[in-house]
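With mmCIF, C-alpha atoms, pLDDT in the B column; chains and numbers go by the auth columns inside, this is data.cif:
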```cif
data_upload
loop_
_atom_site.group_PDB
_atom_site.id
_atom_site.type_symbol
_atom_site.label_atom_id
_atom_site.label_comp_id
_atom_site.label_asym_id
_atom_site.label_seq_id
_atom_site.Cartn_x
_atom_site.Cartn_y
_atom_site.Cartn_z
_atom_site.B_iso_or_equiv
_atom_site.auth_seq_id
_atom_site.auth_asym_id
ATOM 1 C CA MET A 1 -28.061 -41.720 -66.395 51.00 1 A
ATOM 2 C CA THR A 2 -25.009 -43.696 -67.513 55.00 2 A
ATOM 3 C CA ASN A 3 -22.692 -40.952 -66.243 57.00 3 A
ATOM 4 C CA PHE A 4 -24.429 -41.068 -62.876 49.00 4 A
ATOM 5 C CA ILE A 5 -23.985 -44.840 -62.607 50.00 5 A
ATOM 6 C CA LYS A 6 -20.381 -44.561 -63.792 48.00 6 A
ATOM 7 C CA GLN A 7 -19.696 -41.978 -61.051 49.00 7 A
ATOM 8 C CA LEU A 8 -21.101 -44.323 -58.421 46.00 8 A
ATOM 9 C CA PHE A 9 -18.636 -47.068 -59.306 49.00 9 A
ATOM 10 C CA THR A 10 -15.628 -44.949 -60.203 47.00 10 A
ATOM 11 C CA LYS A 11 -13.298 -44.220 -57.337 47.00 11 A
ATOM 12 C CA PRO A 12 -11.603 -40.844 -57.355 50.00 12 A
ATOM 13 C CA HIS A 13 -7.961 -41.087 -58.281 48.00 13 A
ATOM 14 C CA PRO A 14 -5.808 -40.550 -55.213 58.00 14 A
ATOM 15 C CA LYS A 15 -3.415 -37.631 -55.197 86.00 15 A
ATOM 16 C CA VAL A 16 0.150 -38.748 -55.745 84.00 16 A
ATOM 17 C CA HIS A 17 3.182 -36.925 -54.385 85.00 17 A
ATOM 18 C CA PRO A 18 4.924 -35.321 -57.381 84.00 18 A
ATOM 19 C CA ASP A 19 8.446 -36.423 -56.360 85.00 19 A
ATOM 20 C CA TYR A 20 7.864 -39.726 -54.565 84.00 20 A
ATOM 21 C CA LYS A 21 4.955 -41.072 -56.622 86.00 21 A
ATOM 22 C CA LYS A 22 3.201 -42.341 -53.499 90.00 22 A
ATOM 23 C CA SER A 23 -0.430 -41.776 -52.559 91.00 23 A
ATOM 24 C CA ILE A 24 -1.058 -38.781 -50.287 93.00 24 A
ATOM 25 C CA SER A 25 -4.140 -37.128 -48.835 91.00 25 A
ATOM 26 C CA PRO A 26 -4.839 -33.574 -47.727 91.00 26 A
ATOM 27 C CA ALA A 27 -4.633 -33.478 -43.923 88.00 27 A
ATOM 28 C CA PHE A 28 -5.463 -29.859 -43.062 86.00 28 A
ATOM 29 C CA LYS A 29 -4.932 -26.305 -44.182 89.00 29 A
ATOM 30 C CA ILE A 30 -3.356 -23.447 -42.231 90.00 30 A
ATOM 31 C CA GLY A 31 -3.875 -20.113 -43.914 90.00 31 A
ATOM 32 C CA ASN A 32 -3.183 -20.685 -47.597 93.00 32 A
ATOM 33 C CA GLU A 33 -0.839 -23.609 -46.964 93.00 33 A
ATOM 34 C CA GLN A 34 -2.169 -27.117 -47.584 93.00 34 A
ATOM 35 C CA TYR A 35 -0.581 -29.889 -45.502 92.00 35 A
ATOM 36 C CA TYR A 36 -0.620 -33.499 -46.637 93.00 36 A
ATOM 37 C CA GLU A 37 0.137 -36.911 -45.227 92.00 37 A
ATOM 38 C CA PHE A 38 1.085 -40.176 -46.875 93.00 38 A
ATOM 39 C CA ASP A 39 -1.805 -42.618 -47.045 92.00 39 A
ATOM 40 C CA SER A 40 0.565 -45.156 -45.502 91.00 40 A
ATOM 41 C CA LEU A 41 3.492 -44.194 -43.286 88.00 41 A
ATOM 42 C CA LEU A 42 5.431 -46.945 -45.020 91.00 42 A
ATOM 43 C CA ASP A 43 5.325 -44.823 -48.181 93.00 43 A
ATOM 44 C CA MET A 44 7.497 -42.162 -46.558 94.00 44 A
ATOM 45 C CA PRO A 45 11.045 -41.902 -47.891 95.00 45 A
ATOM 46 C CA PRO A 46 13.314 -44.081 -45.683 94.00 46 A
ATOM 47 C CA LEU A 47 15.127 -41.336 -43.743 95.00 47 A
ATOM 48 C CA ARG A 48 11.899 -39.481 -43.105 95.00 48 A
ATOM 49 C CA TYR A 49 10.232 -42.694 -41.943 95.00 49 A
ATOM 50 C CA LYS A 50 13.141 -43.400 -39.596 96.00 50 A
ATOM 51 C CA ARG A 51 12.717 -39.945 -38.031 95.00 51 A
ATOM 52 C CA ALA A 52 8.946 -40.432 -37.731 94.00 52 A
ATOM 53 C CA ASP A 53 9.571 -43.761 -36.021 94.00 53 A
ATOM 54 C CA GLN A 54 11.929 -42.070 -33.558 94.00 54 A
ATOM 55 C CA PHE A 55 9.309 -39.408 -32.856 93.00 55 A
ATOM 56 C CA TYR A 56 6.626 -42.082 -32.281 90.00 56 A
ATOM 57 C CA VAL A 57 8.917 -43.674 -29.680 92.00 57 A
ATOM 58 C CA GLU A 58 9.389 -40.267 -28.033 92.00 58 A
ATOM 59 C CA VAL A 59 5.622 -39.710 -27.982 88.00 59 A
ATOM 60 C CA ASP A 60 5.244 -43.104 -26.336 87.00 60 A
ATOM 61 C CA MET A 61 8.014 -42.366 -23.801 90.00 61 A
ATOM 62 C CA ARG A 62 6.799 -38.766 -23.262 87.00 62 A
ATOM 63 C CA ILE A 63 10.351 -37.450 -23.510 89.00 63 A
ATOM 64 C CA ASP A 64 12.633 -36.719 -26.432 89.00 64 A
ATOM 65 C CA ARG A 65 15.936 -38.551 -26.757 91.00 65 A
ATOM 66 C CA GLU A 66 18.090 -35.429 -26.424 90.00 66 A
ATOM 67 C CA THR A 67 16.454 -34.340 -23.155 89.00 67 A
ATOM 68 C CA LEU A 68 16.633 -37.857 -21.748 92.00 68 A
ATOM 69 C CA ILE A 69 20.357 -38.096 -22.525 93.00 69 A
ATOM 70 C CA LYS A 70 21.048 -34.665 -21.006 91.00 70 A
ATOM 71 C CA LEU A 71 19.186 -35.551 -17.812 91.00 71 A
ATOM 72 C CA VAL A 72 20.900 -38.940 -17.463 93.00 72 A
ATOM 73 C CA ASP A 73 24.295 -37.312 -18.108 93.00 73 A
ATOM 74 C CA LYS A 74 23.509 -34.767 -15.410 90.00 74 A
ATOM 75 C CA ALA A 75 22.653 -37.537 -12.927 91.00 75 A
ATOM 76 C CA ILE A 76 25.897 -39.342 -13.829 91.00 76 A
ATOM 77 C CA ASP A 77 27.846 -36.099 -13.295 89.00 77 A
ATOM 78 C CA HIS A 78 26.342 -35.807 -9.812 87.00 78 A
ATOM 79 C CA CYS A 79 27.299 -39.413 -9.062 89.00 79 A
ATOM 80 C CA ASN A 80 30.865 -38.868 -10.277 88.00 80 A
ATOM 81 C CA SER A 81 31.443 -35.615 -8.388 83.00 81 A
ATOM 82 C CA ASP A 82 33.637 -35.407 -5.281 81.00 82 A
ATOM 83 C CA SER A 83 30.598 -34.910 -3.090 82.00 83 A
ATOM 84 C CA ILE A 84 27.734 -36.989 -4.442 77.00 84 A
ATOM 85 C CA LYS A 85 24.475 -35.114 -4.055 79.00 85 A
ATOM 86 C CA ILE A 86 21.876 -37.854 -3.777 86.00 86 A
ATOM 87 C CA ALA A 87 19.072 -35.269 -3.605 87.00 87 A
ATOM 88 C CA ASN A 88 20.089 -33.891 -7.020 86.00 88 A
ATOM 89 C CA VAL A 89 20.313 -37.371 -8.566 90.00 89 A
ATOM 90 C CA THR A 90 16.950 -38.306 -7.043 91.00 90 A
ATOM 91 C CA SER A 91 15.388 -35.095 -8.352 88.00 91 A
ATOM 92 C CA ILE A 92 16.586 -35.822 -11.890 90.00 92 A
ATOM 93 C CA LEU A 93 15.426 -39.452 -11.751 92.00 93 A
ATOM 94 C CA MET A 94 12.021 -38.373 -10.427 91.00 94 A
ATOM 95 C CA ASP A 95 11.750 -35.882 -13.286 88.00 95 A
ATOM 96 C CA ILE A 96 12.410 -38.642 -15.814 90.00 96 A
ATOM 97 C CA LYS A 97 9.927 -40.930 -14.064 91.00 97 A
ATOM 98 C CA ASP A 98 7.267 -38.188 -13.973 86.00 98 A
ATOM 99 C CA ARG A 99 7.718 -37.528 -17.683 84.00 99 A
ATOM 100 C CA THR A 100 7.288 -41.174 -18.636 86.00 100 A
ATOM 101 C CA GLU A 101 4.130 -41.462 -16.524 84.00 101 A
ATOM 102 C CA MET A 102 2.403 -38.441 -18.056 79.00 102 A
ATOM 103 C CA ILE A 103 -0.691 -39.223 -20.091 74.00 103 A
ATOM 104 C CA ILE A 104 0.644 -37.133 -22.938 74.00 104 A
ATOM 105 C CA GLU A 105 3.580 -34.830 -23.488 78.00 105 A
ATOM 106 C CA THR A 106 2.717 -32.171 -26.017 79.00 106 A
ATOM 107 C CA GLU A 107 6.144 -31.216 -27.399 84.00 107 A
ATOM 108 C CA THR A 108 6.881 -34.725 -28.659 87.00 108 A
ATOM 109 C CA LEU A 109 3.483 -34.865 -30.347 85.00 109 A
ATOM 110 C CA TYR A 110 4.101 -31.564 -32.124 88.00 110 A
ATOM 111 C CA ARG A 111 7.465 -32.879 -33.361 91.00 111 A
ATOM 112 C CA LEU A 112 5.828 -36.032 -34.662 92.00 112 A
ATOM 113 C CA ALA A 113 3.263 -33.889 -36.490 92.00 113 A
ATOM 114 C CA SER A 114 6.042 -31.843 -38.107 94.00 114 A
ATOM 115 C CA CYS A 115 7.386 -35.079 -39.579 95.00 115 A
ATOM 116 C CA VAL A 116 4.094 -36.716 -40.614 93.00 116 A
ATOM 117 C CA TYR A 117 2.435 -33.639 -42.147 94.00 117 A
ATOM 118 C CA PHE A 118 4.140 -31.850 -45.020 95.00 118 A
ATOM 119 C CA THR A 119 3.679 -29.388 -47.852 94.00 119 A
ATOM 120 C CA LEU A 120 4.319 -30.289 -51.480 93.00 120 A
ATOM 121 C CA ASP A 121 7.368 -28.026 -51.671 91.00 121 A
ATOM 122 C CA GLU A 122 9.046 -29.639 -48.639 94.00 122 A
ATOM 123 C CA ASP A 123 12.074 -31.910 -49.115 94.00 123 A
ATOM 124 C CA LEU A 124 10.888 -35.246 -47.732 94.00 124 A
ATOM 125 C CA SER A 125 14.102 -37.161 -48.411 94.00 125 A
ATOM 126 C CA THR A 126 15.130 -36.364 -44.839 94.00 126 A
ATOM 127 C CA TYR A 127 13.950 -34.357 -41.831 95.00 127 A
ATOM 128 C CA ASP A 128 15.295 -30.810 -41.933 95.00 128 A
ATOM 129 C CA PHE A 129 15.284 -29.574 -38.321 95.00 129 A
ATOM 130 C CA ASP A 130 15.526 -25.881 -39.242 95.00 130 A
ATOM 131 C CA TYR A 131 12.664 -26.069 -41.744 95.00 131 A
ATOM 132 C CA ASN A 132 10.509 -28.103 -39.380 96.00 132 A
ATOM 133 C CA GLU A 133 11.182 -25.743 -36.474 96.00 133 A
ATOM 134 C CA LYS A 134 9.316 -23.127 -38.515 95.00 134 A
ATOM 135 C CA LYS A 135 6.456 -25.597 -39.043 94.00 135 A
ATOM 136 C CA LEU A 136 6.396 -26.316 -35.308 93.00 136 A
ATOM 137 C CA ASN A 137 5.970 -22.616 -34.607 94.00 137 A
ATOM 138 C CA ILE A 138 3.119 -22.422 -37.118 93.00 138 A
ATOM 139 C CA PHE A 139 1.438 -25.487 -35.577 90.00 139 A
ATOM 140 C CA LYS A 140 1.820 -24.138 -32.034 87.00 140 A
ATOM 141 C CA ALA A 141 0.305 -20.802 -33.077 89.00 141 A
ATOM 142 C CA GLN A 142 -2.976 -22.526 -33.999 85.00 142 A
ATOM 143 C CA PRO A 143 -5.932 -22.593 -31.587 80.00 143 A
ATOM 144 C CA ILE A 144 -5.285 -25.453 -29.202 71.00 144 A
ATOM 145 C CA ASN A 145 -8.754 -26.988 -29.228 67.00 145 A
ATOM 146 C CA ASP A 146 -9.047 -26.955 -32.986 69.00 146 A
ATOM 147 C CA PHE A 147 -5.569 -27.861 -34.157 67.00 147 A
ATOM 148 C CA PHE A 148 -3.865 -29.837 -31.407 65.00 148 A
ATOM 149 C CA PHE A 149 -6.920 -31.512 -29.958 62.00 149 A
ATOM 150 C CA GLY A 150 -8.907 -31.778 -33.169 66.00 150 A
ATOM 151 C CA LYS A 151 -6.191 -32.847 -35.576 68.00 151 A
ATOM 152 C CA LEU A 152 -3.088 -34.135 -33.863 69.00 152 A
ATOM 153 C CA MET A 153 -4.549 -36.017 -30.920 67.00 153 A
ATOM 154 C CA ARG A 154 -7.259 -37.740 -32.909 68.00 154 A
ATOM 155 C CA ASN A 155 -5.054 -38.565 -35.903 70.00 155 A
ATOM 156 C CA LEU A 156 -1.697 -39.395 -34.312 71.00 156 A
ATOM 157 C CA VAL A 157 -2.750 -40.773 -30.919 66.00 157 A
ATOM 158 C CA PRO A 158 -6.228 -42.161 -31.587 57.00 158 A
ATOM 159 C CA GLN A 159 -6.325 -44.308 -28.440 55.00 159 A
ATOM 160 C CA SER A 160 -6.162 -41.235 -26.208 61.00 160 A
ATOM 161 C CA ASN A 161 -9.472 -40.031 -24.898 65.00 161 A
ATOM 162 C CA ILE A 162 -8.584 -36.645 -23.442 67.00 162 A
ATOM 163 C CA SER A 163 -10.987 -33.766 -23.046 70.00 163 A
ATOM 164 C CA ALA A 164 -10.109 -30.305 -24.299 68.00 164 A
ATOM 165 C CA SER A 165 -9.866 -28.944 -20.740 74.00 165 A
ATOM 166 C CA ASP A 166 -7.521 -31.790 -19.723 74.00 166 A
ATOM 167 C CA LEU A 167 -5.403 -31.090 -22.782 70.00 167 A
ATOM 168 C CA GLU A 168 -4.951 -27.484 -21.687 74.00 168 A
ATOM 169 C CA VAL A 169 -3.762 -28.755 -18.295 78.00 169 A
ATOM 170 C CA PHE A 170 -1.288 -31.100 -20.016 73.00 170 A
ATOM 171 C CA LEU A 171 0.048 -28.202 -22.089 74.00 171 A
ATOM 172 C CA LYS A 172 0.693 -26.209 -18.911 80.00 172 A
ATOM 173 C CA ILE A 173 2.320 -29.220 -17.252 80.00 173 A
ATOM 174 C CA THR A 174 4.540 -29.761 -20.279 76.00 174 A
ATOM 175 C CA GLN A 175 5.659 -26.131 -20.207 79.00 175 A
ATOM 176 C CA ALA A 176 6.364 -26.312 -16.465 83.00 176 A
ATOM 177 C CA GLN A 177 8.267 -29.581 -16.950 80.00 177 A
ATOM 178 C CA LYS A 178 10.397 -28.046 -19.714 80.00 178 A
ATOM 179 C CA GLN A 179 11.163 -25.025 -17.526 86.00 179 A
ATOM 180 C CA TYR A 180 12.098 -27.283 -14.597 82.00 180 A
ATOM 181 C CA GLU A 181 14.446 -29.319 -16.800 82.00 181 A
ATOM 182 C CA ALA A 182 16.010 -26.168 -18.244 83.00 182 A
ATOM 183 C CA ASN A 183 16.615 -24.962 -14.692 83.00 183 A
ATOM 184 C CA ILE A 184 18.253 -28.265 -13.708 80.00 184 A
ATOM 185 C CA LEU A 185 20.573 -28.141 -16.707 78.00 185 A
ATOM 186 C CA HIS A 186 21.290 -24.403 -16.312 73.00 186 A
ATOM 187 C CA ILE A 187 21.982 -24.536 -12.578 55.00 187 A
ATOM 188 C CA ASP A 188 24.427 -27.376 -13.018 48.00 188 A
ATOM 189 C CA LYS A 189 26.256 -25.503 -15.803 47.00 189 A
ATOM 190 C CA SER A 190 26.619 -22.393 -13.646 42.00 190 A
ATOM 191 C CA LEU A 191 27.948 -24.468 -10.719 41.00 191 A
ATOM 192 C CA LYS A 192 30.631 -25.991 -12.975 45.00 192 A
ATOM 193 C CA ARG A 193 31.852 -22.524 -14.006 39.00 193 A
ATOM 194 C CA ARG A 194 32.719 -21.586 -10.412 37.00 194 A
#
```

Output the structure of this file as structure tokens.
Amino acid sequence: MTNFIKQLFTKPHPKVHPDYKKSISPAFKIGNEQYYEFDSLLDMPPLRYKRADQFYVEVDMRIDRETLIKLVDKAIDHCNSDSIKIANVTSILMDIKDRTEMIIETETLYRLASCVYFTLDEDLSTYDFDYNEKKLNIFKAQPINDFFFGKLMRNLVPQSNISASDLEVFLKITQAQKQYEANILHIDKSLKRR
């Protein structure tokens, strides 16, 4: 009886990251690999936290910094050319505007997840892009309704209230948007070579 009462009032000891000595919790498992998250984002090592903060901004803006800079540079190039092509500049600006008005942009959310969720053997002192690219591929290979909708959306963007069918539409829109942007950047590169 005393053990039972003791168990009622004894909190389980939280798991502590072996290197950073901060409290972590299991987030989810993919295959045999357990992924964790810090109980508080403020417990992340400073460089990792800085990257997570950048990714949160990108999730909020619905566009990553690199793509935004490339698109703005492309618009500036059109403005600085001998024959300014207003239609091209307008197209690029509309693309940026469309991105920022999307309800959600899936690529930025996946990148945020690759920073927030980690394995115990991962170096958390920074954000290794090559290592996390592999994690991104693993995350993207998971069933959309279970992983993306069930884990990422509810945990990382809790204010969003998107149905599974709407999420699938957003994934298709994101892919089309990425292809459109790649075409804009590729077409302009091929025109410069001539």

Closest pair table for region 61-129 of chain A residues within 7 Å of region 165-180 of chain A, only C-alpha atoms, as JSON lines:
```
{"residue": "A:Ile104", "atom": "CA", "partner": "A:Phe170", "partner_atom": "CA", "distance": 7.0}
{"residue": "A:Glu105", "atom": "CA", "partner": "A:Thr174", "partner_atom": "CA", "distance": 6.1}
{"residue": "A:Thr106", "atom": "CA", "partner": "A:Leu171", "partner_atom": "CA", "distance": 6.2}
```

Expected selection from the PyMOL selection byres ((chain A and resi 22) around 9), given as a ChimeraX atom specification: /A:15-21,23-24,38-40,43-44

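Each of A:Ala141, A:Ile184, A:Pro46, A:Lys135 was compared to Glu122 (chain A) using only C-alpha atoms, and A:Lys135 turns out to be the nearest.
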
Please identify all polymer residues within 12 Å of Val72 (chain A), counting only C-alpha atoms, omitting same-chain residues fewer than 4 positions from it, and present them as a PyMOL selection string. chain A and resi 65-68+76-79+88-97+181+184-185

Result set, the PyMOL selection byres ((chain A and resi 55) around 10) on current file, as a PyMOL selection string: chain A and resi 49-54+56-65+108-116

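CA of Tyr35 (chain A) sits 28.9 Å away from CA of Met102 (chain A).
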
Could you state the separation of CA of Leu156 (chain A) and CA of Ile69 (chain A) in Å, given to one decimal place?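 Between these atoms lies a distance of 25.0 Å.
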
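Picture a line from CA of Leu124 (chain A) to CA of Pro45 (chain A); it runs 6.7 Å.
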
Just checking: using all atoms listed in the file, which residue out of A:Leu71, A:Gln142, A:Asn80, A:Phe28 ends up closest to Arg99 (chain A)?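 Ranked by minimum distance to Arg99 (chain A), first place goes to A:Leu71.
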
Which residues come within 8 Å of Ala27 (chain A), counting all atoms listed in the file, excluding same-chain residues fewer than 3 positions away, as a list in words?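 What passes the distance filter is Gln34, Tyr35, Tyr36, Glu37 and Tyr117 of chain A.
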
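Counting all atoms listed in the file, the residue from A:Lys140, A:Lys85, A:Lys74, A:Arg48 that sits nearest to Glu107 (chain A) is A:Lys140.
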
Rebuild region 35-55 of chain A so that it carries N, CA, C and O atoms, then output the result as an mmCIF file, in the coordinates of the input.
```cif
data_model
loop_
_atom_site.group_PDB
_atom_site.id
_atom_site.type_symbol
_atom_site.label_atom_id
_atom_site.label_comp_id
_atom_site.auth_asym_id
_atom_site.auth_seq_id
_atom_site.Cartn_x
_atom_site.Cartn_y
_atom_site.Cartn_z
ATOM 1 N N TYR A 35 -1.461 -28.844 -46.035
ATOM 2 C CA TYR A 35 -0.581 -29.889 -45.502
ATOM 3 C C TYR A 35 -1.153 -31.237 -45.893
ATOM 4 O O TYR A 35 -2.365 -31.433 -45.925
ATOM 5 N N TYR A 36 -0.247 -32.163 -46.189
ATOM 6 C CA TYR A 36 -0.620 -33.499 -46.637
ATOM 7 C C TYR A 36 -0.018 -34.537 -45.700
ATOM 8 O O TYR A 36 0.845 -34.232 -44.873
ATOM 9 N N GLU A 37 -0.466 -35.769 -45.895
ATOM 10 C CA GLU A 37 0.137 -36.911 -45.227
ATOM 11 C C GLU A 37 0.122 -38.075 -46.201
ATOM 12 O O GLU A 37 -0.727 -38.145 -47.082
ATOM 13 N N PHE A 38 1.091 -38.983 -46.046
ATOM 14 C CA PHE A 38 1.085 -40.176 -46.875
ATOM 15 C C PHE A 38 -0.064 -41.066 -46.438
ATOM 16 O O PHE A 38 -0.381 -41.155 -45.248
ATOM 17 N N ASP A 39 -0.708 -41.728 -47.388
ATOM 18 C CA ASP A 39 -1.805 -42.618 -47.045
ATOM 19 C C ASP A 39 -1.321 -43.779 -46.179
ATOM 20 O O ASP A 39 -2.076 -44.324 -45.380
ATOM 21 N N SER A 40 -0.069 -44.147 -46.348
ATOM 22 C CA SER A 40 0.565 -45.156 -45.502
ATOM 23 C C SER A 40 1.910 -44.601 -45.057
ATOM 24 O O SER A 40 2.680 -44.106 -45.888
ATOM 25 N N LEU A 41 2.193 -44.673 -43.766
ATOM 26 C CA LEU A 41 3.492 -44.194 -43.286
ATOM 27 C C LEU A 41 4.644 -44.939 -43.941
ATOM 28 O O LEU A 41 5.737 -44.414 -44.081
ATOM 29 N N LEU A 42 4.383 -46.158 -44.365
ATOM 30 C CA LEU A 42 5.431 -46.945 -45.020
ATOM 31 C C LEU A 42 5.821 -46.377 -46.381
ATOM 32 O O LEU A 42 6.847 -46.752 -46.945
ATOM 33 N N ASP A 43 5.005 -45.467 -46.910
ATOM 34 C CA ASP A 43 5.325 -44.823 -48.181
ATOM 35 C C ASP A 43 6.277 -43.641 -48.025
ATOM 36 O O ASP A 43 6.749 -43.084 -49.016
ATOM 37 N N MET A 44 6.551 -43.253 -46.784
ATOM 38 C CA MET A 44 7.497 -42.162 -46.558
ATOM 39 C C MET A 44 8.876 -42.566 -47.071
ATOM 40 O O MET A 44 9.234 -43.738 -46.990
ATOM 41 N N PRO A 45 9.652 -41.599 -47.559
ATOM 42 C CA PRO A 45 11.045 -41.902 -47.891
ATOM 43 C C PRO A 45 11.757 -42.454 -46.646
ATOM 44 O O PRO A 45 11.427 -42.056 -45.518
ATOM 45 N N PRO A 46 12.725 -43.358 -46.818
ATOM 46 C CA PRO A 46 13.314 -44.081 -45.683
ATOM 47 C C PRO A 46 13.840 -43.219 -44.534
ATOM 48 O O PRO A 46 13.564 -43.515 -43.370
ATOM 49 N N LEU A 47 14.581 -42.160 -44.827
ATOM 50 C CA LEU A 47 15.127 -41.336 -43.743
ATOM 51 C C LEU A 47 14.035 -40.583 -42.995
ATOM 52 O O LEU A 47 14.108 -40.389 -41.784
ATOM 53 N N ARG A 48 13.028 -40.170 -43.728
ATOM 54 C CA ARG A 48 11.899 -39.481 -43.105
ATOM 55 C C ARG A 48 11.127 -40.462 -42.221
ATOM 56 O O ARG A 48 10.726 -40.128 -41.108
ATOM 57 N N TYR A 49 10.936 -41.668 -42.716
ATOM 58 C CA TYR A 49 10.232 -42.694 -41.943
ATOM 59 C C TYR A 49 11.004 -43.018 -40.658
ATOM 60 O O TYR A 49 10.408 -43.160 -39.590
ATOM 61 N N LYS A 50 12.309 -43.104 -40.773
ATOM 62 C CA LYS A 50 13.141 -43.400 -39.596
ATOM 63 C C LYS A 50 12.953 -42.312 -38.544
ATOM 64 O O LYS A 50 12.848 -42.596 -37.346
ATOM 65 N N ARG A 51 12.914 -41.055 -38.973
ATOM 66 C CA ARG A 51 12.717 -39.945 -38.031
ATOM 67 C C ARG A 51 11.309 -40.004 -37.425
ATOM 68 O O ARG A 51 11.138 -39.802 -36.224
ATOM 69 N N ALA A 52 10.314 -40.311 -38.247
ATOM 70 C CA ALA A 52 8.946 -40.432 -37.731
ATOM 71 C C ALA A 52 8.871 -41.550 -36.691
ATOM 72 O O ALA A 52 8.222 -41.399 -35.652
ATOM 73 N N ASP A 53 9.549 -42.649 -36.965
ATOM 74 C CA ASP A 53 9.571 -43.761 -36.021
ATOM 75 C C ASP A 53 10.210 -43.333 -34.700
ATOM 76 O O ASP A 53 9.707 -43.660 -33.621
ATOM 77 N N GLN A 54 11.298 -42.585 -34.776
ATOM 78 C CA GLN A 54 11.929 -42.070 -33.558
ATOM 79 C C GLN A 54 10.957 -41.172 -32.793
ATOM 80 O O GLN A 54 10.840 -41.265 -31.573
ATOM 81 N N PHE A 55 10.251 -40.310 -33.515
ATOM 82 C CA PHE A 55 9.309 -39.408 -32.856
ATOM 83 C C PHE A 55 8.135 -40.171 -32.230
ATOM 84 O O PHE A 55 7.630 -39.791 -31.177
#
```
